[in-house]
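start.pdb follows; it contains PDB, C-alpha atoms and all ligand atoms.
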```pdb
MODEL        1
ATOM      1  CA  MET A   1     186.930  54.675 -14.016
ATOM      2  CA  LYS A   2     187.456  53.442 -10.470
ATOM      3  CA  LEU A   3     190.723  51.769 -11.453
ATOM      4  CA  THR A   4     192.091  54.592 -13.611
ATOM      5  CA  VAL A   5     195.494  55.809 -12.441
ATOM      6  CA  GLU A   6     197.810  58.620 -13.415
ATOM      7  CA  ALA A   7     201.275  57.287 -12.793
ATOM      8  CA  GLY A   8     204.699  58.391 -13.944
ATOM      9  CA  GLY A   9     203.368  60.573 -16.736
ATOM     10  CA  LEU A  10     200.914  57.976 -18.102
ATOM     11  CA  THR A  11     197.193  57.460 -17.708
ATOM     12  CA  LEU A  12     196.248  53.806 -17.255
ATOM     13  CA  THR A  13     192.685  52.465 -17.308
ATOM     14  CA  ASN A  14     193.749  49.970 -14.641
ATOM     15  CA  PRO A  15     196.938  49.588 -12.585
ATOM     16  CA  THR A  16     198.155  46.279 -14.059
ATOM     17  CA  ILE A  17     201.125  46.390 -16.437
ATOM     18  CA  LEU A  18     202.866  43.613 -18.357
ATOM     19  CA  ALA A  19     206.420  43.446 -16.940
ATOM     20  CA  ALA A  20     209.457  43.617 -19.235
ATOM     21  CA  GLY A  21     210.742  40.351 -20.627
ATOM     22  CA  ILE A  22     207.460  38.439 -20.788
ATOM     23  CA  LEU A  23     205.656  38.150 -24.149
ATOM     24  CA  GLY A  24     207.246  41.437 -25.170
ATOM     25  CA  THR A  25     209.307  40.517 -28.232
ATOM     26  CA  THR A  26     206.571  40.952 -30.834
ATOM     27  CA  GLY A  27     203.946  43.564 -31.493
ATOM     28  CA  ALA A  28     201.328  40.807 -31.828
ATOM     29  CA  SER A  29     202.050  39.336 -28.386
ATOM     30  CA  LEU A  30     201.995  42.804 -26.781
ATOM     31  CA  LYS A  31     198.612  43.478 -28.412
ATOM     32  CA  ARG A  32     197.311  40.142 -27.158
ATOM     33  CA  VAL A  33     198.291  40.982 -23.575
ATOM     34  CA  ALA A  34     196.580  44.368 -23.924
ATOM     35  CA  SER A  35     193.433  42.638 -25.217
ATOM     36  CA  MET A  36     193.481  40.442 -22.103
ATOM     37  CA  GLY A  37     193.116  43.454 -19.841
ATOM     38  CA  ALA A  38     196.581  44.877 -19.074
ATOM     39  CA  GLY A  39     196.508  48.625 -18.386
ATOM     40  CA  ALA A  40     199.877  49.025 -20.157
ATOM     41  CA  VAL A  41     202.549  46.779 -21.627
ATOM     42  CA  VAL A  42     206.348  46.838 -21.424
ATOM     43  CA  THR A  43     208.480  45.375 -24.225
ATOM     44  CA  LYS A  44     211.357  42.936 -23.840
ATOM     45  CA  SER A  45     214.514  44.926 -23.061
ATOM     46  CA  ILE A  46     216.014  46.172 -26.319
ATOM     47  CA  GLY A  47     219.637  47.179 -26.951
ATOM     48  CA  ALA A  48     221.849  48.641 -29.653
ATOM     49  CA  GLU A  49     223.024  45.342 -31.202
ATOM     50  CA  PRO A  50     221.297  41.981 -31.742
ATOM     51  CA  LYS A  51     221.973  39.508 -28.922
ATOM     52  CA  TYR A  52     221.281  35.784 -28.918
ATOM     53  CA  GLY A  53     221.334  35.599 -25.134
ATOM     54  CA  HIS A  54     222.901  33.039 -22.849
ATOM     55  CA  PRO A  55     223.092  29.316 -23.679
ATOM     56  CA  ASN A  56     220.262  27.010 -22.630
ATOM     57  CA  PRO A  57     219.007  26.089 -20.174
ATOM     58  CA  SER A  58     218.243  29.747 -19.590
ATOM     59  CA  MET A  59     215.257  29.388 -17.268
ATOM     60  CA  ILE A  60     214.132  26.929 -14.619
ATOM     61  CA  ARG A  61     210.892  26.668 -12.734
ATOM     62  CA  LEU A  62     211.025  26.180  -8.948
ATOM     63  CA  GLU A  63     208.196  25.734  -6.479
ATOM     64  CA  CYS A  64     208.582  29.359  -5.412
ATOM     65  CA  GLY A  65     209.152  31.026  -8.796
ATOM     66  CA  TYR A  66     211.641  31.007 -11.662
ATOM     67  CA  ILE A  67     215.354  31.526 -12.044
ATOM     68  CA  ASN A  68     216.270  32.939 -15.449
ATOM     69  CA  ALA A  69     219.428  33.956 -17.228
ATOM     70  CA  MET A  70     218.052  34.756 -20.651
ATOM     71  CA  GLY A  71     220.986  37.095 -21.322
ATOM     72  CA  LEU A  72     219.100  40.021 -22.876
ATOM     73  CA  PRO A  73     218.156  38.241 -26.112
ATOM     74  CA  ASN A  74     216.808  40.880 -28.489
ATOM     75  CA  PRO A  75     216.946  41.762 -32.172
ATOM     76  CA  SER A  76     218.341  45.335 -31.658
ATOM     77  CA  TYR A  77     216.289  48.507 -31.907
ATOM     78  CA  LYS A  78     216.618  48.550 -35.694
ATOM     79  CA  GLU A  79     214.837  45.199 -36.043
ATOM     80  CA  PHE A  80     212.431  45.811 -33.175
ATOM     81  CA  LEU A  81     211.018  49.137 -34.407
ATOM     82  CA  PRO A  82     208.308  47.533 -36.639
ATOM     83  CA  GLU A  83     207.154  45.459 -33.638
ATOM     84  CA  LEU A  84     206.841  48.617 -31.548
ATOM     85  CA  GLU A  85     204.825  50.209 -34.375
ATOM     86  CA  THR A  86     202.455  47.204 -34.382
ATOM     87  CA  ALA A  87     202.111  47.295 -30.596
ATOM     88  CA  LYS A  88     201.015  50.943 -30.752
ATOM     89  CA  ASP A  89     197.596  49.752 -32.000
ATOM     90  CA  SER A  90     197.049  47.894 -28.732
ATOM     91  CA  GLY A  91     194.932  50.679 -27.212
ATOM     92  CA  VAL A  92     197.086  50.889 -24.069
ATOM     93  CA  PRO A  93     200.378  52.678 -23.363
ATOM     94  CA  VAL A  94     203.361  50.796 -24.775
ATOM     95  CA  ILE A  95     206.501  51.243 -22.697
ATOM     96  CA  ALA A  96     209.837  50.502 -24.363
ATOM     97  CA  SER A  97     212.290  48.748 -22.045
ATOM     98  CA  ILE A  98     215.791  49.703 -23.140
ATOM     99  CA  PHE A  99     219.288  48.823 -21.968
ATOM    100  CA  GLY A 100     222.854  49.889 -22.668
ATOM    101  CA  ALA A 101     226.289  49.861 -21.149
ATOM    102  CA  THR A 102     226.812  53.617 -21.373
ATOM    103  CA  GLU A 103     224.884  56.868 -21.499
ATOM    104  CA  ALA A 104     225.576  57.103 -25.241
ATOM    105  CA  GLU A 105     224.201  53.634 -25.854
ATOM    106  CA  PHE A 106     220.991  54.387 -23.923
ATOM    107  CA  ILE A 107     220.547  57.552 -26.005
ATOM    108  CA  GLU A 108     221.104  55.643 -29.259
ATOM    109  CA  VAL A 109     218.480  53.017 -28.371
ATOM    110  CA  ALA A 110     215.945  55.563 -27.090
ATOM    111  CA  LYS A 111     216.321  57.606 -30.300
ATOM    112  CA  GLY A 112     216.024  54.423 -32.352
ATOM    113  CA  LEU A 113     212.645  53.552 -30.813
ATOM    114  CA  PRO A 114     210.657  56.778 -31.316
ATOM    115  CA  GLY A 115     207.041  57.071 -30.292
ATOM    116  CA  ALA A 116     206.890  54.773 -27.276
ATOM    117  CA  SER A 117     204.440  55.961 -24.612
ATOM    118  CA  ALA A 118     207.307  55.861 -22.068
ATOM    119  CA  TYR A 119     210.824  54.443 -21.729
ATOM    120  CA  GLU A 120     211.747  52.043 -18.936
ATOM    121  CA  LEU A 121     215.510  52.093 -18.421
ATOM    122  CA  ASN A 122     216.701  48.606 -17.525
ATOM    123  CA  VAL A 123     219.701  49.202 -15.282
ATOM    124  CA  SER A 124     219.035  46.120 -13.204
ATOM    125  CA  CYS A 125     219.470  42.760 -14.956
ATOM    126  CA  PRO A 126     221.484  40.707 -12.415
ATOM    127  CA  HIS A 127     223.424  38.534 -14.876
ATOM    128  CA  ALA A 128     224.261  40.710 -17.895
ATOM    129  CA  ARG A 129     227.964  41.407 -17.880
ATOM    130  CA  GLY A 130     228.658  45.095 -18.533
ATOM    131  CA  TYR A 131     224.963  45.920 -18.604
ATOM    132  CA  GLY A 132     222.157  45.749 -16.096
ATOM    133  CA  MET A 133     223.008  45.997 -12.437
ATOM    134  CA  GLN A 134     226.609  46.877 -13.215
ATOM    135  CA  VAL A 135     225.094  50.183 -14.352
ATOM    136  CA  GLY A 136     222.250  50.292 -11.845
ATOM    137  CA  THR A 137     224.326  49.938  -8.689
ATOM    138  CA  ASP A 138     226.222  53.174  -9.428
ATOM    139  CA  PRO A 139     224.068  56.168  -8.381
ATOM    140  CA  ALA A 140     226.077  58.680 -10.432
ATOM    141  CA  LEU A 141     225.663  56.597 -13.582
ATOM    142  CA  VAL A 142     221.933  56.040 -12.955
ATOM    143  CA  LYS A 143     221.432  59.781 -12.520
ATOM    144  CA  ALA A 144     223.436  60.594 -15.670
ATOM    145  CA  ILE A 145     221.614  58.010 -17.808
ATOM    146  CA  ALA A 146     218.160  59.052 -16.580
ATOM    147  CA  HIS A 147     219.045  62.680 -17.287
ATOM    148  CA  ALA A 148     220.435  61.903 -20.731
ATOM    149  CA  VAL A 149     217.420  59.854 -21.858
ATOM    150  CA  LYS A 150     215.021  62.387 -20.375
ATOM    151  CA  GLY A 151     216.707  65.061 -22.516
ATOM    152  CA  THR A 152     216.424  62.864 -25.618
ATOM    153  CA  VAL A 153     212.837  61.619 -25.650
ATOM    154  CA  ASN A 154     209.576  63.491 -25.448
ATOM    155  CA  ALA A 155     207.957  60.922 -23.164
ATOM    156  CA  PRO A 156     208.106  59.826 -19.532
ATOM    157  CA  VAL A 157     211.184  57.958 -18.335
ATOM    158  CA  TRP A 158     210.943  55.178 -15.762
ATOM    159  CA  VAL A 159     213.952  53.495 -14.160
ATOM    160  CA  LYS A 160     213.778  49.811 -13.202
ATOM    161  CA  LEU A 161     215.785  49.181 -10.055
ATOM    162  CA  THR A 162     217.757  46.203  -8.810
ATOM    163  CA  PRO A 163     217.145  44.755  -5.350
ATOM    164  CA  ASN A 164     220.771  43.577  -5.324
ATOM    165  CA  VAL A 165     222.017  46.601  -3.358
ATOM    166  CA  THR A 166     222.321  47.523   0.299
ATOM    167  CA  ASP A 167     220.164  50.623  -0.047
ATOM    168  CA  ILE A 168     217.743  50.753  -2.965
ATOM    169  CA  THR A 169     216.574  54.229  -1.924
ATOM    170  CA  SER A 170     219.939  55.770  -2.802
ATOM    171  CA  ILE A 171     219.579  54.442  -6.362
ATOM    172  CA  GLY A 172     215.946  55.574  -6.470
ATOM    173  CA  ARG A 173     217.007  59.059  -5.381
ATOM    174  CA  ALA A 174     219.641  59.138  -8.114
ATOM    175  CA  ALA A 175     216.977  58.265 -10.703
ATOM    176  CA  GLN A 176     214.734  61.007  -9.315
ATOM    177  CA  GLU A 177     217.571  63.560  -9.400
ATOM    178  CA  GLY A 178     218.196  62.570 -13.026
ATOM    179  CA  GLY A 179     214.617  63.554 -13.826
ATOM    180  CA  ALA A 180     212.938  60.126 -13.917
ATOM    181  CA  ASP A 181     209.142  60.216 -13.856
ATOM    182  CA  ALA A 182     208.854  56.948 -11.893
ATOM    183  CA  VAL A 183     210.897  54.067 -10.584
ATOM    184  CA  VAL A 184     209.969  50.408 -10.976
ATOM    185  CA  ALA A 185     210.878  48.071  -8.116
ATOM    186  CA  ILE A 186     212.147  45.381  -8.526
ATOM    187  CA  ASN A 187     214.064  43.416 -11.167
ATOM    188  CA  THR A 188     215.112  39.864 -10.275
ATOM    189  CA  LEU A 189     217.143  38.857  -7.228
ATOM    190  CA  LYS A 190     220.586  37.200  -7.739
ATOM    191  CA  ALA A 191     220.162  33.426  -7.536
ATOM    192  CA  ILE A 192     221.592  30.056  -8.500
ATOM    193  CA  ALA A 193     220.266  26.468  -8.683
ATOM    194  CA  ILE A 194     222.489  23.361  -8.530
ATOM    195  CA  ASP A 195     221.642  19.885  -9.817
ATOM    196  CA  ILE A 196     222.345  17.532  -6.911
ATOM    197  CA  ASP A 197     222.952  14.475  -9.091
ATOM    198  CA  SER A 198     225.698  16.003 -11.214
ATOM    199  CA  GLY A 199     226.839  18.743  -8.836
ATOM    200  CA  TYR A 200     226.740  21.289 -11.667
ATOM    201  CA  PRO A 201     224.834  24.568 -11.687
ATOM    202  CA  ILE A 202     221.715  24.084 -13.809
ATOM    203  CA  LEU A 203     221.608  27.257 -15.886
ATOM    204  CA  GLY A 204     223.890  27.529 -18.911
ATOM    205  CA  ASN A 205     225.028  30.879 -17.564
ATOM    206  CA  ILE A 206     225.482  29.395 -14.038
ATOM    207  CA  GLN A 207     223.992  32.430 -12.264
ATOM    208  CA  GLY A 208     220.556  33.913 -12.779
ATOM    209  CA  GLY A 209     217.785  36.047 -11.320
ATOM    210  CA  LEU A 210     214.876  34.880  -9.164
ATOM    211  CA  SER A 211     211.316  36.034  -9.887
ATOM    212  CA  GLY A 212     207.817  35.013  -8.799
ATOM    213  CA  PRO A 213     206.212  34.510  -5.383
ATOM    214  CA  ALA A 214     209.571  33.965  -3.648
ATOM    215  CA  ILE A 215     210.600  37.597  -4.108
ATOM    216  CA  LYS A 216     207.273  39.249  -3.310
ATOM    217  CA  PRO A 217     208.096  40.227   0.307
ATOM    218  CA  VAL A 218     211.460  41.644  -0.831
ATOM    219  CA  ALA A 219     209.733  43.635  -3.565
ATOM    220  CA  VAL A 220     207.032  44.939  -1.212
ATOM    221  CA  ARG A 221     209.746  46.103   1.208
ATOM    222  CA  CYS A 222     211.608  47.887  -1.597
ATOM    223  CA  VAL A 223     208.391  49.637  -2.678
ATOM    224  CA  TYR A 224     207.663  50.559   0.947
ATOM    225  CA  ASP A 225     211.113  52.101   1.419
ATOM    226  CA  LEU A 226     211.098  53.907  -1.937
ATOM    227  CA  TYR A 227     207.620  55.366  -1.328
ATOM    228  CA  SER A 228     208.924  56.995   1.844
ATOM    229  CA  ALA A 229     212.127  58.220   0.253
ATOM    230  CA  LEU A 230     210.954  59.601  -3.110
ATOM    231  CA  ASP A 231     208.579  62.200  -4.515
ATOM    232  CA  ILE A 232     208.034  60.339  -7.811
ATOM    233  CA  PRO A 233     205.694  57.322  -8.154
ATOM    234  CA  VAL A 234     206.872  53.808  -7.475
ATOM    235  CA  ILE A 235     205.643  50.997  -9.719
ATOM    236  CA  GLY A 236     205.673  47.628  -7.924
ATOM    237  CA  ALA A 237     206.985  44.441  -9.543
ATOM    238  CA  GLY A 238     207.962  41.048  -8.169
ATOM    239  CA  GLY A 239     205.671  38.105  -7.527
ATOM    240  CA  VAL A 240     202.291  39.689  -8.243
ATOM    241  CA  SER A 241     199.913  36.896  -9.201
ATOM    242  CA  SER A 242     196.614  37.805  -7.503
ATOM    243  CA  TRP A 243     194.489  40.831  -6.644
ATOM    244  CA  ALA A 244     195.559  40.424  -2.994
ATOM    245  CA  ASP A 245     199.215  40.757  -4.032
ATOM    246  CA  ALA A 246     198.316  43.945  -5.909
ATOM    247  CA  VAL A 247     196.525  45.324  -2.834
ATOM    248  CA  GLU A 248     199.616  44.629  -0.714
ATOM    249  CA  PHE A 249     201.916  46.433  -3.171
ATOM    250  CA  ILE A 250     199.533  49.401  -3.397
ATOM    251  CA  MET A 251     199.304  49.610   0.399
ATOM    252  CA  ALA A 252     203.130  49.695   0.456
ATOM    253  CA  GLY A 253     202.945  52.667  -1.910
ATOM    254  CA  ALA A 254     202.848  51.290  -5.467
ATOM    255  CA  ALA A 255     200.961  53.450  -7.947
ATOM    256  CA  ALA A 256     200.558  50.416 -10.226
ATOM    257  CA  VAL A 257     201.937  46.894 -10.466
ATOM    258  CA  GLU A 258     203.859  45.062 -13.154
ATOM    259  CA  ILE A 259     203.065  41.372 -13.623
ATOM    260  CA  GLY A 260     205.666  39.003 -15.072
ATOM    261  CA  SER A 261     206.100  35.362 -14.041
ATOM    262  CA  ALA A 262     202.384  34.860 -13.313
ATOM    263  CA  VAL A 263     201.615  35.444 -16.997
ATOM    264  CA  TYR A 264     203.254  32.085 -17.815
ATOM    265  CA  ASP A 265     200.476  30.373 -15.851
ATOM    266  CA  ASP A 266     197.553  32.561 -16.869
ATOM    267  CA  ILE A 267     197.358  35.396 -19.357
ATOM    268  CA  GLY A 268     194.004  36.195 -17.733
ATOM    269  CA  VAL A 269     195.863  37.430 -14.634
ATOM    270  CA  PHE A 270     195.469  41.130 -15.592
ATOM    271  CA  ALA A 271     191.672  40.974 -15.767
ATOM    272  CA  ALA A 272     191.525  38.808 -12.632
ATOM    273  CA  VAL A 273     193.673  41.258 -10.644
ATOM    274  CA  SER A 274     191.621  44.246 -11.842
ATOM    275  CA  MET A 275     188.336  42.566 -10.989
ATOM    276  CA  GLY A 276     189.512  41.456  -7.547
ATOM    277  CA  LEU A 277     190.938  44.880  -6.810
ATOM    278  CA  SER A 278     187.711  46.573  -7.861
ATOM    279  CA  ASP A 279     185.622  44.231  -5.659
ATOM    280  CA  TYR A 280     187.987  44.845  -2.745
ATOM    281  CA  LEU A 281     187.627  48.635  -3.104
ATOM    282  CA  ASP A 282     183.828  48.247  -3.180
ATOM    283  CA  ARG A 283     183.821  46.036  -0.092
ATOM    284  CA  LYS A 284     186.008  48.507   1.787
ATOM    285  CA  ASN A 285     184.245  51.550   0.341
ATOM    286  CA  MET A 286     187.638  52.968  -0.631
ATOM    287  CA  THR A 287     189.281  54.504  -3.701
ATOM    288  CA  LEU A 288     192.619  53.497  -5.167
ATOM    289  CA  LYS A 289     193.961  56.771  -3.843
ATOM    290  CA  ASP A 290     192.864  55.856  -0.288
ATOM    291  CA  LEU A 291     194.682  52.541  -0.606
ATOM    292  CA  THR A 292     197.952  53.888  -2.001
ATOM    293  CA  GLY A 293     200.565  53.988   0.731
ATOM    294  CA  MET A 294     198.013  53.036   3.392
ATOM    295  CA  ALA A 295     200.552  50.908   5.256
ATOM    296  CA  HIS A 296     202.557  54.065   5.983
ATOM    297  CA  ARG A 297     199.799  55.646   8.059
ATOM    298  CA  MET A 298     200.556  53.363  10.977
ATOM    299  CA  VAL A 299     204.049  54.734  11.424
TER     300      VAL A 299
HETATM  301  O1  LIG A 301     217.274  38.909 -20.335
HETATM  302  C1  LIG A 301     217.506  38.602 -19.145
HETATM  303  O2  LIG A 301     218.255  37.662 -18.842
HETATM  304  C2  LIG A 301     216.938  39.358 -18.029
HETATM  305  C3  LIG A 301     216.806  40.724 -17.992
HETATM  306 BR1  LIG A 301     217.187  41.800 -19.466
HETATM  307  C4  LIG A 301     216.377  41.373 -16.820
HETATM  308  O3  LIG A 301     216.262  42.597 -16.698
HETATM  309  N1  LIG A 301     216.112  40.609 -15.742
HETATM  310  C5  LIG A 301     216.215  39.261 -15.772
HETATM  311  O4  LIG A 301     215.966  38.602 -14.761
HETATM  312  N2  LIG A 301     216.624  38.652 -16.935
ENDMDL
END
```
Transcribe the structure of this file into structure tokens.
Amino acid sequence: MKLTVEAGGLTLTNPTILAAGILGTTGASLKRVASMGAGAVVTKSIGAEPKYGHPNPSMIRLECGYINAMGLPNPSYKEFLPELETAKDSGVPVIASIFGATEAEFIEVAKGLPGASAYELNVSCPHARGYGMQVGTDPALVKAIAHAVKGTVNAPVWVKLTPNVTDITSIGRAAQEGGADAVVAINTLKAIAIDIDSGYPILGNIQGGLSGPAIKPVAVRCVYDLYSALDIPVIGAGGVSSWADAVEFIMAGAAAVEIGSAVYDDIGVFAAVSMGLSDYLDRKNMTLKDLTGMAHRMV
């Protein structure tokens, strides 16, 4: 009860959400994450055609997080639909992450995945040629795509933003003007890792996106700025691995947090974050509402 949130058109029993791209390719894995305490789950990003993704190695672990260039591997909406149907039994909202290169493609994929609790438009993958941040750095395109999907589905529409821009609030505003119910901040930060013995970049795709603890302060800043600039909720994402991280994001203005990289270490992270957050609220004699955006009161 204490942790229940209404955010972006959904009601969540707690404000922890499985981020897109992690354990989201099968209905069974999405149900497992829900059973471990997530308040909602987001699928792997799904497109119009099957994609094998980029060549291996497609992910490396660093001390401060991960760099990935998976390359949007997915079976297409046609193959994924049965997995979405299975995930619907999870007892929590199931959010379909979808991508496309054009407005028409986003509409096709959204129509092809009926019945999701919400749609998260991935306009922010940093290393997907023609997709991702090539779409999400153009405010007019973001507005048009949000508007088009909103007119197609009978469910909330969230837009996942890239931090790889000078002013994330202008993209957030475009999503809001297009009718988005929430924005999610942030997707991964452009990155590269080089092997110093061979001198070659390590990832098969050369470039990738950084996630995990390294990007948390960047993500918190993006949430902070978006909370001030927008009237729709901001969902925080980027380096959440503890209840204290969640508190920081919520103080910056996040209505809920998505958890990605930390799941690789501990699928129990959702329950741990919820429990820690609940204890924190008790200790401080505060509600989630009191906490949300608290860092803005000083200014
Ligand atoms: O699949 C990926 O390579 C990927 C995606 Br779709 C994304 O949105 N963000 C990311 O870091 N990797």
Around all of ligand LIG 301 (chain A)'s listed atoms, make the axis-aligned box with 3 Å on each side and tell me centre and edge lengths in Å to one decimal, as AutoDock Vina command-line options.
```
--center_x 217.1 --center_y 40.1 --center_z -17.5 --size_x 8.3 --size_y 10.9 --size_z 11.6
```
Worksheet item: If you apply the PyMOL selection byres (((chain A and resi 90) around 9) and not hetatm) to this file, what residues do you get, as a VMD selection string?
Response: chain A and resid 27 to 28 30 to 35 86 to 89 91 to 94
Discussion item. I'd like the neighbourhood of stretch 4-8 of chain A as an MDAnalysis selection string, where a residue qualifies if any of its atoms comes within 6 Å (using all atoms listed in the file), though same-chain residues fewer than 4 positions away should be ignored.
Written reply: chainID A and resid 12:14 181:182 233
Discussion item. Which residues are near ligand LIG 301 (chain A) in this structure, taking near to mean any atom at most 7 Å from a ligand atom and counting all atoms listed in the file? Format them as a VMD selection string.
Written reply: chain A and resid 21 45 68 to 73 122 124 to 128 132 187 to 188 208 to 210
Worksheet entry | Straight-line distance linking atom CA of A:Pro57 with atom CA of A:Gly238, stated in Å to one decimal | 22.1 Å
